[in-house]
file protein-v5.csv (CSV, C-alpha atoms)
chain,number,residue,atom,x,y,z
A,1,MET,CA,3.0,-4.0,23.7
A,2,THR,CA,4.0,-2.1,20.5
A,3,TYR,CA,3.8,-5.5,18.7
A,4,VAL,CA,0.2,-6.0,19.9
A,5,ILE,CA,-0.7,-2.5,18.6
A,6,ALA,CA,1.0,-3.2,15.3
A,7,ILE,CA,-0.8,-6.5,14.8
A,8,VAL,CA,-4.2,-4.9,15.6
A,9,LEU,CA,-3.5,-1.9,13.3
A,10,GLY,CA,-2.2,-4.2,10.6
A,11,VAL,CA,-5.4,-6.3,10.7
A,12,ALA,CA,-7.6,-3.1,10.4
A,13,PHE,CA,-5.3,-1.9,7.6
A,14,GLY,CA,-5.6,-5.2,5.6
A,15,PHE,CA,-9.3,-5.3,6.3
A,16,SER,CA,-9.8,-1.8,4.8
A,17,LEU,CA,-7.7,-2.7,1.7
A,18,ASN,CA,-9.7,-5.8,1.2
A,19,LYS,CA,-13.1,-4.0,1.5
A,20,ALA,CA,-11.9,-1.3,-0.8
A,21,GLY,CA,-11.2,-4.0,-3.4
A,22,LEU,CA,-7.6,-3.1,-3.7
A,23,THR,CA,-6.6,-6.7,-3.5
A,24,LYS,CA,-8.1,-7.1,-7.0
A,25,TYR,CA,-6.1,-6.7,-10.2
A,26,HIS,CA,-8.8,-4.9,-12.1
A,27,LYS,CA,-9.3,-2.2,-9.4
A,28,VAL,CA,-5.7,-1.1,-9.5
A,29,VAL,CA,-5.2,-1.3,-13.2
A,30,ASN,CA,-8.5,0.4,-14.0
A,31,GLN,CA,-7.4,3.3,-11.9
A,32,PHE,CA,-4.5,3.8,-14.3
A,33,ARG,CA,-6.9,3.3,-17.3
A,34,LEU,CA,-9.0,6.0,-15.7
A,35,THR,CA,-12.1,3.8,-15.9
A,36,ASP,CA,-12.5,3.2,-12.1
A,37,MET,CA,-11.5,5.9,-9.6
A,38,ALA,CA,-11.8,3.7,-6.5
A,39,VAL,CA,-8.1,3.7,-5.6
A,40,LEU,CA,-7.9,7.5,-5.7
A,41,LYS,CA,-11.1,8.0,-3.8
A,42,PHE,CA,-9.9,5.5,-1.2
A,43,MET,CA,-6.4,7.1,-0.8
A,44,MET,CA,-7.7,10.7,-0.7
A,45,THR,CA,-10.4,9.9,1.8
A,46,ALA,CA,-7.9,8.2,4.1
A,47,LEU,CA,-5.6,11.3,3.7
A,48,VAL,CA,-8.3,13.8,4.6
A,49,VAL,CA,-9.6,11.8,7.5
A,50,THR,CA,-6.1,11.3,9.0
A,51,MET,CA,-5.3,15.0,8.6
A,52,LEU,CA,-8.6,16.0,10.3
A,53,GLY,CA,-7.6,13.8,13.2
A,54,LEU,CA,-3.9,14.5,13.5
A,55,TYR,CA,-3.6,18.3,13.0
A,56,PRO,CA,-6.1,19.2,15.8
A,57,LEU,CA,-4.5,16.7,18.1
A,58,ARG,CA,-1.1,18.3,17.4
A,59,ALA,CA,-2.5,21.8,17.8
A,60,LEU,CA,-3.8,20.8,21.2
A,61,GLY,CA,-0.4,19.5,22.2
A,62,ILE,CA,-1.6,15.9,22.7
A,63,ILE,CA,0.7,14.3,20.1
A,64,THR,CA,3.9,15.1,18.2
A,65,PHE,CA,4.4,13.9,14.6
A,66,PRO,CA,6.8,11.1,13.9
A,67,ALA,CA,9.7,11.8,11.5
A,68,VAL,CA,8.3,12.9,8.2
A,69,PRO,CA,9.5,10.9,5.2
A,70,ALA,CA,12.6,12.6,3.8
A,71,THR,CA,12.3,14.7,0.7
A,72,TYR,CA,15.0,14.3,-2.0
A,73,ILE,CA,13.3,15.5,-5.2
A,74,VAL,CA,15.0,13.4,-7.8
A,75,GLY,CA,14.8,10.2,-5.8
A,76,ASN,CA,11.1,10.6,-4.8
A,77,LEU,CA,10.1,11.4,-8.3
A,78,ALA,CA,12.2,8.7,-10.0
A,79,GLY,CA,11.0,6.2,-7.5
A,80,GLY,CA,7.4,7.2,-8.1
A,81,LEU,CA,7.9,7.0,-11.8
A,82,LEU,CA,9.3,3.5,-11.6
A,83,PHE,CA,6.7,2.4,-8.9
A,84,GLY,CA,3.9,3.3,-11.3
A,85,VAL,CA,5.3,1.0,-14.0
A,86,GLY,CA,5.4,-1.9,-11.6
A,87,MET,CA,2.0,-1.1,-10.2
A,88,ALA,CA,0.4,-1.0,-13.6
A,89,LEU,CA,2.1,-4.3,-14.7
A,90,THR,CA,1.1,-6.3,-11.6
A,91,GLY,CA,-2.1,-4.6,-10.5
A,92,THR,CA,-1.1,-4.8,-6.9
B,1,MET,CA,-26.9,-4.0,14.8
B,2,ASN,CA,-28.2,-6.3,12.0
B,3,TRP,CA,-27.8,-3.4,9.6
B,4,LEU,CA,-24.2,-3.0,10.7
B,5,MET,CA,-23.4,-6.7,10.3
B,6,LYS,CA,-24.9,-6.6,6.8
B,7,GLN,CA,-22.7,-3.7,5.9
B,8,ILE,CA,-19.6,-5.4,7.3
B,9,ARG,CA,-20.3,-8.6,5.4
B,10,LYS,CA,-20.5,-6.7,2.0
B,11,GLU,CA,-17.8,-7.9,-0.4
B,12,GLU,CA,-17.0,-4.4,-1.4
B,13,TRP,CA,-17.5,-1.2,0.5
B,14,SER,CA,-17.8,2.3,-1.0
B,15,PRO,CA,-14.2,3.5,-1.3
B,16,TYR,CA,-15.1,6.4,0.9
B,17,ALA,CA,-16.1,4.1,3.7
B,18,ALA,CA,-13.0,2.0,3.4
B,19,GLY,CA,-11.0,5.2,3.2
B,20,ILE,CA,-12.4,6.5,6.5
B,21,LEU,CA,-11.4,3.2,8.2
B,22,LEU,CA,-7.9,3.5,6.8
B,23,GLY,CA,-7.9,7.1,7.9
B,24,ILE,CA,-8.7,6.1,11.5
B,25,VAL,CA,-6.0,3.5,11.4
B,26,GLY,CA,-3.6,6.2,10.2
B,27,ILE,CA,-4.5,8.4,13.2
B,28,LEU,CA,-4.2,5.6,15.7
B,29,THR,CA,-0.8,4.6,14.3
B,30,VAL,CA,0.6,8.0,15.1
B,31,VAL,CA,-1.2,8.4,18.4
B,32,LEU,CA,-0.6,4.9,19.8
B,33,ALA,CA,2.7,3.9,18.2
B,34,HIS,CA,4.2,7.2,17.1
B,35,ALA,CA,4.9,5.5,13.8
B,36,LEU,CA,3.7,5.5,10.2
B,37,LEU,CA,2.0,2.9,8.1
B,38,SER,CA,5.0,1.7,6.2
B,39,GLU,CA,4.9,-1.6,4.4
B,40,SER,CA,7.7,-1.8,1.8
B,41,GLY,CA,10.3,-1.3,4.5
B,42,ALA,CA,9.1,-4.4,6.2
B,43,ILE,CA,9.9,-6.5,3.1
B,44,GLU,CA,13.3,-4.9,3.0
B,45,ASN,CA,13.9,-5.8,6.7
B,46,LEU,CA,13.0,-9.4,5.9
B,47,ALA,CA,15.1,-9.4,2.8
B,48,ALA,CA,18.0,-8.2,4.9
B,49,TYR,CA,18.1,-11.6,6.6
B,50,ILE,CA,19.0,-13.1,3.3
B,51,GLY,CA,21.1,-10.2,2.1
B,52,LYS,CA,23.3,-10.3,5.2
B,53,ALA,CA,23.8,-14.0,4.8
B,54,ILE,CA,25.1,-13.4,1.3
B,55,SER,CA,27.1,-10.2,2.0
B,56,PRO,CA,27.7,-9.6,5.7
B,57,SER,CA,29.3,-6.2,5.3
B,58,ASN,CA,26.6,-4.8,3.0
B,59,ILE,CA,26.0,-1.2,4.2
B,60,TYR,CA,22.3,-1.0,3.1
B,61,PHE,CA,21.3,-4.2,5.0
B,62,ASN,CA,23.4,-3.2,8.1
B,63,TYR,CA,22.5,0.4,8.6
B,64,VAL,CA,19.7,1.5,6.3
B,65,MET,CA,17.4,-1.5,6.5
B,66,PRO,CA,18.8,-3.8,9.2
B,67,ALA,CA,17.6,-7.4,9.6
B,68,GLN,CA,15.3,-7.1,12.6
B,69,ILE,CA,11.6,-7.5,13.4
B,70,THR,CA,10.6,-3.8,13.2
B,71,PHE,CA,7.1,-2.2,13.6
B,72,PRO,CA,6.4,-2.5,9.8
B,73,VAL,CA,7.2,-6.2,9.8
B,74,VAL,CA,4.6,-6.9,12.5
B,75,LEU,CA,2.2,-4.6,10.7
B,76,LEU,CA,2.7,-6.6,7.6
B,77,VAL,CA,1.7,-9.8,9.4
B,78,GLY,CA,-1.4,-8.0,10.6
B,79,VAL,CA,-2.2,-6.9,7.1
B,80,PHE,CA,-2.1,-10.5,5.9
B,81,PHE,CA,-4.6,-11.6,8.5
B,82,GLY,CA,-6.7,-8.4,8.0
B,83,GLY,CA,-7.1,-9.1,4.3
B,84,MET,CA,-8.0,-12.7,5.2
B,85,LEU,CA,-10.5,-11.5,7.7
B,86,GLY,CA,-12.0,-9.2,5.1
B,87,ALA,CA,-12.5,-12.0,2.6
B,88,LEU,CA,-13.8,-14.4,5.3
B,89,SER,CA,-16.4,-11.8,6.5
B,90,SER,CA,-17.8,-11.5,3.0
B,91,GLY,CA,-17.5,-15.2,2.3
B,92,THR,CA,-15.3,-14.7,-0.7
B,93,PHE,CA,-12.2,-16.4,0.9
B,94,LYS,CA,-10.5,-18.9,-1.5
B,95,PHE,CA,-7.1,-20.0,-2.6
B,96,ARG,CA,-6.5,-18.6,-6.1
B,97,THR,CA,-3.6,-18.2,-8.5
B,98,MET,CA,-3.8,-14.4,-8.8
B,99,ASP,CA,-6.1,-14.8,-11.7
B,100,SER,CA,-8.4,-12.1,-13.0
B,101,GLU,CA,-11.1,-12.0,-15.6
B,102,GLN,CA,-9.8,-8.8,-17.0
B,103,TRP,CA,-6.3,-10.0,-17.3
B,104,LYS,CA,-7.4,-13.2,-19.2
B,105,LYS,CA,-9.4,-11.1,-21.6
B,106,ALA,CA,-6.5,-8.8,-22.3
B,107,PHE,CA,-3.4,-11.0,-22.2
B,108,GLY,CA,-4.6,-14.7,-22.6
B,109,LYS,CA,-5.3,-17.6,-20.3
B,110,GLN,CA,-1.8,-18.7,-19.3
B,111,THR,CA,-1.1,-18.5,-15.6
B,112,TRP,CA,2.7,-18.5,-16.0
B,113,LYS,CA,2.5,-15.3,-17.9
B,114,ARG,CA,0.7,-13.6,-15.1
B,115,TRP,CA,3.1,-15.0,-12.5
B,116,LEU,CA,6.2,-14.0,-14.5
B,117,LEU,CA,4.8,-10.4,-14.8
B,118,LEU,CA,3.9,-10.4,-11.2
B,119,PHE,CA,7.5,-11.4,-10.3
B,120,VAL,CA,9.1,-8.9,-12.5
B,121,GLY,CA,6.6,-6.2,-11.5
B,122,GLY,CA,7.2,-7.0,-7.9
B,123,ILE,CA,10.9,-6.5,-8.2
B,124,ILE,CA,10.3,-3.1,-9.9
B,125,VAL,CA,7.8,-2.0,-7.2
B,126,GLU,CA,10.0,-2.9,-4.3
B,127,PHE,CA,13.2,-1.4,-6.0
B,128,ALA,CA,11.2,1.8,-6.7
B,129,ALA,CA,10.0,2.0,-3.2
B,130,GLY,CA,13.6,1.7,-2.0
B,131,ILE,CA,14.6,4.6,-4.2
B,132,ALA,CA,11.7,6.8,-3.3
B,133,GLY,CA,11.8,6.0,0.4
B,134,GLY,CA,8.4,4.4,0.7
B,135,CYS,CA,5.5,2.8,-1.1
B,136,THR,CA,1.8,3.8,-1.5
B,137,SER,CA,1.1,3.4,2.2
B,138,GLY,CA,4.3,4.4,3.8
B,139,LEU,CA,5.1,7.4,1.6
B,140,ALA,CA,2.0,8.4,-0.4
B,141,ILE,CA,-0.6,8.1,2.4
B,142,SER,CA,1.6,8.4,5.6
B,143,GLY,CA,3.8,11.2,4.1
B,144,GLY,CA,0.8,12.9,2.5
B,145,MET,CA,-1.1,13.1,5.8
B,146,LEU,CA,2.0,14.9,7.3
B,147,LEU,CA,2.1,17.1,4.2
B,148,ALA,CA,5.6,15.8,3.2
B,149,PRO,CA,6.6,17.2,-0.2
B,150,ALA,CA,8.1,13.7,-0.9
B,151,ALA,CA,4.7,12.1,-0.9
B,152,PHE,CA,3.2,14.4,-3.5
B,153,LEU,CA,6.2,14.1,-5.8
B,154,PHE,CA,5.8,10.3,-5.4
B,155,ILE,CA,2.1,10.3,-6.1
B,156,ALA,CA,2.6,12.5,-9.2
B,157,GLY,CA,5.3,10.2,-10.6
B,158,MET,CA,3.3,7.1,-9.8
B,159,PHE,CA,0.2,8.2,-11.6
B,160,ALA,CA,2.1,9.7,-14.6
B,161,SER,CA,4.0,6.5,-15.3
B,162,GLY,CA,1.1,4.2,-14.3
B,163,ILE,CA,-1.2,5.8,-16.8
B,164,ILE,CA,1.4,5.6,-19.5
B,165,THR,CA,2.3,2.0,-18.7
B,166,ALA,CA,-1.4,1.0,-18.8
B,167,LEU,CA,-1.8,2.9,-22.1
B,168,ILE,CA,1.1,0.9,-23.6
B,169,ILE,CA,0.2,-2.6,-22.3
B,170,TYR,CA,-3.5,-2.2,-23.1
B,171,GLY,CA,-3.0,-0.3,-26.3
B,172,LYS,CA,-6.3,0.0,-28.2
B,173,LYS,CA,-8.2,-1.7,-25.3
B,174,PHE,CA,-7.3,1.3,-23.0

call {"tool": "encode", "arguments": {"input": "protein-v5.csv", "output": "structure tokens"}}
result
Amino acid sequence: MTYVIAIVLGVAFGFSLNKAGLTKYHKVVNQFRLTDMAVLKFMMTALVVTMLGLYPLRALGIITFPAVPATYIVGNLAGGLLFGVGMALTGT
Amino acid sequence: MNWLMKQIRKEEWSPYAAGILLGIVGILTVVLAHALLSESGAIENLAAYIGKAISPSNIYFNYVMPAQITFPVVLLVGVFFGGMLGALSSGTFKFRTMDSEQWKKAFGKQTWKRWLLLFVGGIIVEFAAGIAGGCTSGLAISGGMLLAPAAFLFIAGMFASGIITALIIYGKKF
């Protein structure tokens, strides 16, 4: 059952990425060249919508949050710095 | 209804509309599966099958990212078909060699150059996701929605170095 949910959610996820144009080289690279803000708009909209859904549901006691990604300052930051290099090189 | 179909068939949505769809997916992932939208972990789970064949006692591939079909692996399969569905819905589906007009203009026509950089960049991206504990979806978006400090450190790092890298490789064309 979990696998069925995962497949359906994955399809919707991939669909949204495709429609946002994030499958295209120029969309991702132009975000870093600051000439096209679509990636940031897309990510931040998703963040806000998810927060608007999840926090009320948790406040009502309907759901609990899964384990939050671990914070280890040097690792997160170093990983992010390296990740940006790869992302700007490949545009993916 | 016709209006809706016309909107769905558009090749490119407003990033806000696509973001709302992803946001809903994010909510449903937590509500239905009590999981997060992680992607890079899936590739590590798959890589673990090869990694364990080469080094059976490797701690990382035995305990941190074991070789098994996890939730993200199935999600990744879905993402593949979802992207395909998106392209089919707008009639832009085709087999391509990862080419891009902008890339050709900036770096030349050779496909092998693009592929080499994709391969090297791919290694960097996956290795970096391993260090940081997630990628754009699994850490930046999923962590961000749970207000994990890790996510915001990652986003800050990603944009800082991404902008600098783009500045270097594009030079005057930036």

call {"tool": "closest_atom_pairs", "arguments": {"input": "protein-v5.csv", "of": "chain B", "to": "chain A", "cutoff": "6 Å", "atoms": "only C-alpha atoms", "output": "CSV"}}
result
residue,atom,partner,partner_atom,distance
B:Glu12,CA,A:Lys19,CA,4.9
B:Trp13,CA,A:Lys19,CA,5.3
B:Pro15,CA,A:Phe42,CA,4.7
B:Tyr16,CA,A:Phe42,CA,5.7
B:Ala18,CA,A:Ser16,CA,5.2
B:Gly19,CA,A:Ala46,CA,4.4
B:Ile20,CA,A:Ala46,CA,5.4
B:Leu22,CA,A:Ala46,CA,5.4
B:Gly23,CA,A:Ala46,CA,4.0
B:Gly26,CA,A:Thr50,CA,5.8
B:Ile27,CA,A:Thr50,CA,5.3
B:His34,CA,A:Pro66,CA,5.7
B:Ala35,CA,A:Pro66,CA,5.9
B:Val74,CA,A:Ala6,CA,5.9
B:Leu75,CA,A:Gly10,CA,4.4
B:Gly78,CA,A:Gly10,CA,3.9
B:Val79,CA,A:Gly14,CA,4.1
B:Phe81,CA,A:Val11,CA,5.8
B:Gly82,CA,A:Val11,CA,3.7
B:Gly83,CA,A:Gly14,CA,4.4
B:Gly86,CA,A:Phe15,CA,4.9
B:Leu118,CA,A:Thr90,CA,5.0
B:Gly121,CA,A:Gly86,CA,4.5
B:Ile124,CA,A:Gly86,CA,5.3
B:Val125,CA,A:Phe83,CA,4.8
B:Ala128,CA,A:Gly79,CA,4.5
B:Ile131,CA,A:Gly79,CA,5.1
B:Ala132,CA,A:Asn76,CA,4.1
B:Gly143,CA,A:Pro69,CA,5.8
B:Met145,CA,A:Leu47,CA,5.3
B:Ala150,CA,A:Thr71,CA,4.6
B:Leu153,CA,A:Leu77,CA,5.4
B:Phe154,CA,A:Gly80,CA,4.4
B:Gly157,CA,A:Leu81,CA,4.3
B:Met158,CA,A:Gly84,CA,4.1
B:Ser161,CA,A:Gly84,CA,5.1
B:Gly162,CA,A:Gly84,CA,4.2
B:Ile163,CA,A:Phe32,CA,4.6
B:Thr165,CA,A:Val85,CA,5.7
B:Ala166,CA,A:Ala88,CA,5.9

call {"tool": "write_last_selection", "arguments": {"input": "protein-v5.csv", "atoms": "C-alpha atoms", "output": "compact mmCIF listing (two decimals), keeping the file's coordinate frame"}}
result
# COMPACT_ATOMS: atom_id res chain seq x y z
CA GLU B 12 -17.00 -4.40 -1.40
CA TRP B 13 -17.50 -1.20 0.50
CA PRO B 15 -14.20 3.50 -1.30
CA TYR B 16 -15.10 6.40 0.90
CA ALA B 18 -13.00 2.00 3.40
CA GLY B 19 -11.00 5.20 3.20
CA ILE B 20 -12.40 6.50 6.50
CA LEU B 22 -7.90 3.50 6.80
CA GLY B 23 -7.90 7.10 7.90
CA GLY B 26 -3.60 6.20 10.20
CA ILE B 27 -4.50 8.40 13.20
CA HIS B 34 4.20 7.20 17.10
CA ALA B 35 4.90 5.50 13.80
CA VAL B 74 4.60 -6.90 12.50
CA LEU B 75 2.20 -4.60 10.70
CA GLY B 78 -1.40 -8.00 10.60
CA VAL B 79 -2.20 -6.90 7.10
CA PHE B 81 -4.60 -11.60 8.50
CA GLY B 82 -6.70 -8.40 8.00
CA GLY B 83 -7.10 -9.10 4.30
CA GLY B 86 -12.00 -9.20 5.10
CA LEU B 118 3.90 -10.40 -11.20
CA GLY B 121 6.60 -6.20 -11.50
CA ILE B 124 10.30 -3.10 -9.90
CA VAL B 125 7.80 -2.00 -7.20
CA ALA B 128 11.20 1.80 -6.70
CA ILE B 131 14.60 4.60 -4.20
CA ALA B 132 11.70 6.80 -3.30
CA GLY B 143 3.80 11.20 4.10
CA MET B 145 -1.10 13.10 5.80
CA ALA B 150 8.10 13.70 -0.90
CA LEU B 153 6.20 14.10 -5.80
CA PHE B 154 5.80 10.30 -5.40
CA GLY B 157 5.30 10.20 -10.60
CA MET B 158 3.30 7.10 -9.80
CA SER B 161 4.00 6.50 -15.30
CA GLY B 162 1.10 4.20 -14.30
CA ILE B 163 -1.20 5.80 -16.80
CA THR B 165 2.30 2.00 -18.70
CA ALA B 166 -1.40 1.00 -18.80

call {"tool": "residues_near_point", "arguments": {"input": "protein-v5.csv", "point": "(-9.0, -11.1, -12.4)", "cutoff": "10 Å", "atoms": "all atoms listed in the file", "output": "PDB file with C-alpha atoms, keeping the file's coordinate frame"}}
result
ATOM      1  CA  LYS A  24      -8.100  -7.100  -7.000  1.00  0.00           C
ATOM      2  CA  TYR A  25      -6.100  -6.700 -10.200  1.00  0.00           C
ATOM      3  CA  HIS A  26      -8.800  -4.900 -12.100  1.00  0.00           C
ATOM      4  CA  LYS A  27      -9.300  -2.200  -9.400  1.00  0.00           C
ATOM      5  CA  GLY A  91      -2.100  -4.600 -10.500  1.00  0.00           C
TER       6      GLY A  91
ATOM      7  CA  THR B  97      -3.600 -18.200  -8.500  1.00  0.00           C
ATOM      8  CA  MET B  98      -3.800 -14.400  -8.800  1.00  0.00           C
ATOM      9  CA  ASP B  99      -6.100 -14.800 -11.700  1.00  0.00           C
ATOM     10  CA  SER B 100      -8.400 -12.100 -13.000  1.00  0.00           C
ATOM     11  CA  GLU B 101     -11.100 -12.000 -15.600  1.00  0.00           C
ATOM     12  CA  GLN B 102      -9.800  -8.800 -17.000  1.00  0.00           C
ATOM     13  CA  TRP B 103      -6.300 -10.000 -17.300  1.00  0.00           C
ATOM     14  CA  LYS B 104      -7.400 -13.200 -19.200  1.00  0.00           C
ATOM     15  CA  LYS B 105      -9.400 -11.100 -21.600  1.00  0.00           C
TER      16      LYS B 105
END

call {"tool": "atom_distance", "arguments": {"input": "protein-v5.csv", "atom1": "CA of Asp36 in chain A", "atom2": "CA of Ser14 in chain B"}}
result
12.3 Å

call {"tool": "atom_distance", "arguments": {"input": "protein-v5.csv", "atom1": "CA of Ile123 in chain B", "atom2": "CA of Thr29 in chain B"}}
result
27.7 Å

call {"tool": "atom_distance", "arguments": {"input": "protein-v5.csv", "atom1": "CA of Val30 in chain B", "atom2": "CA of Leu4 in chain B"}}
result
27.5 Å
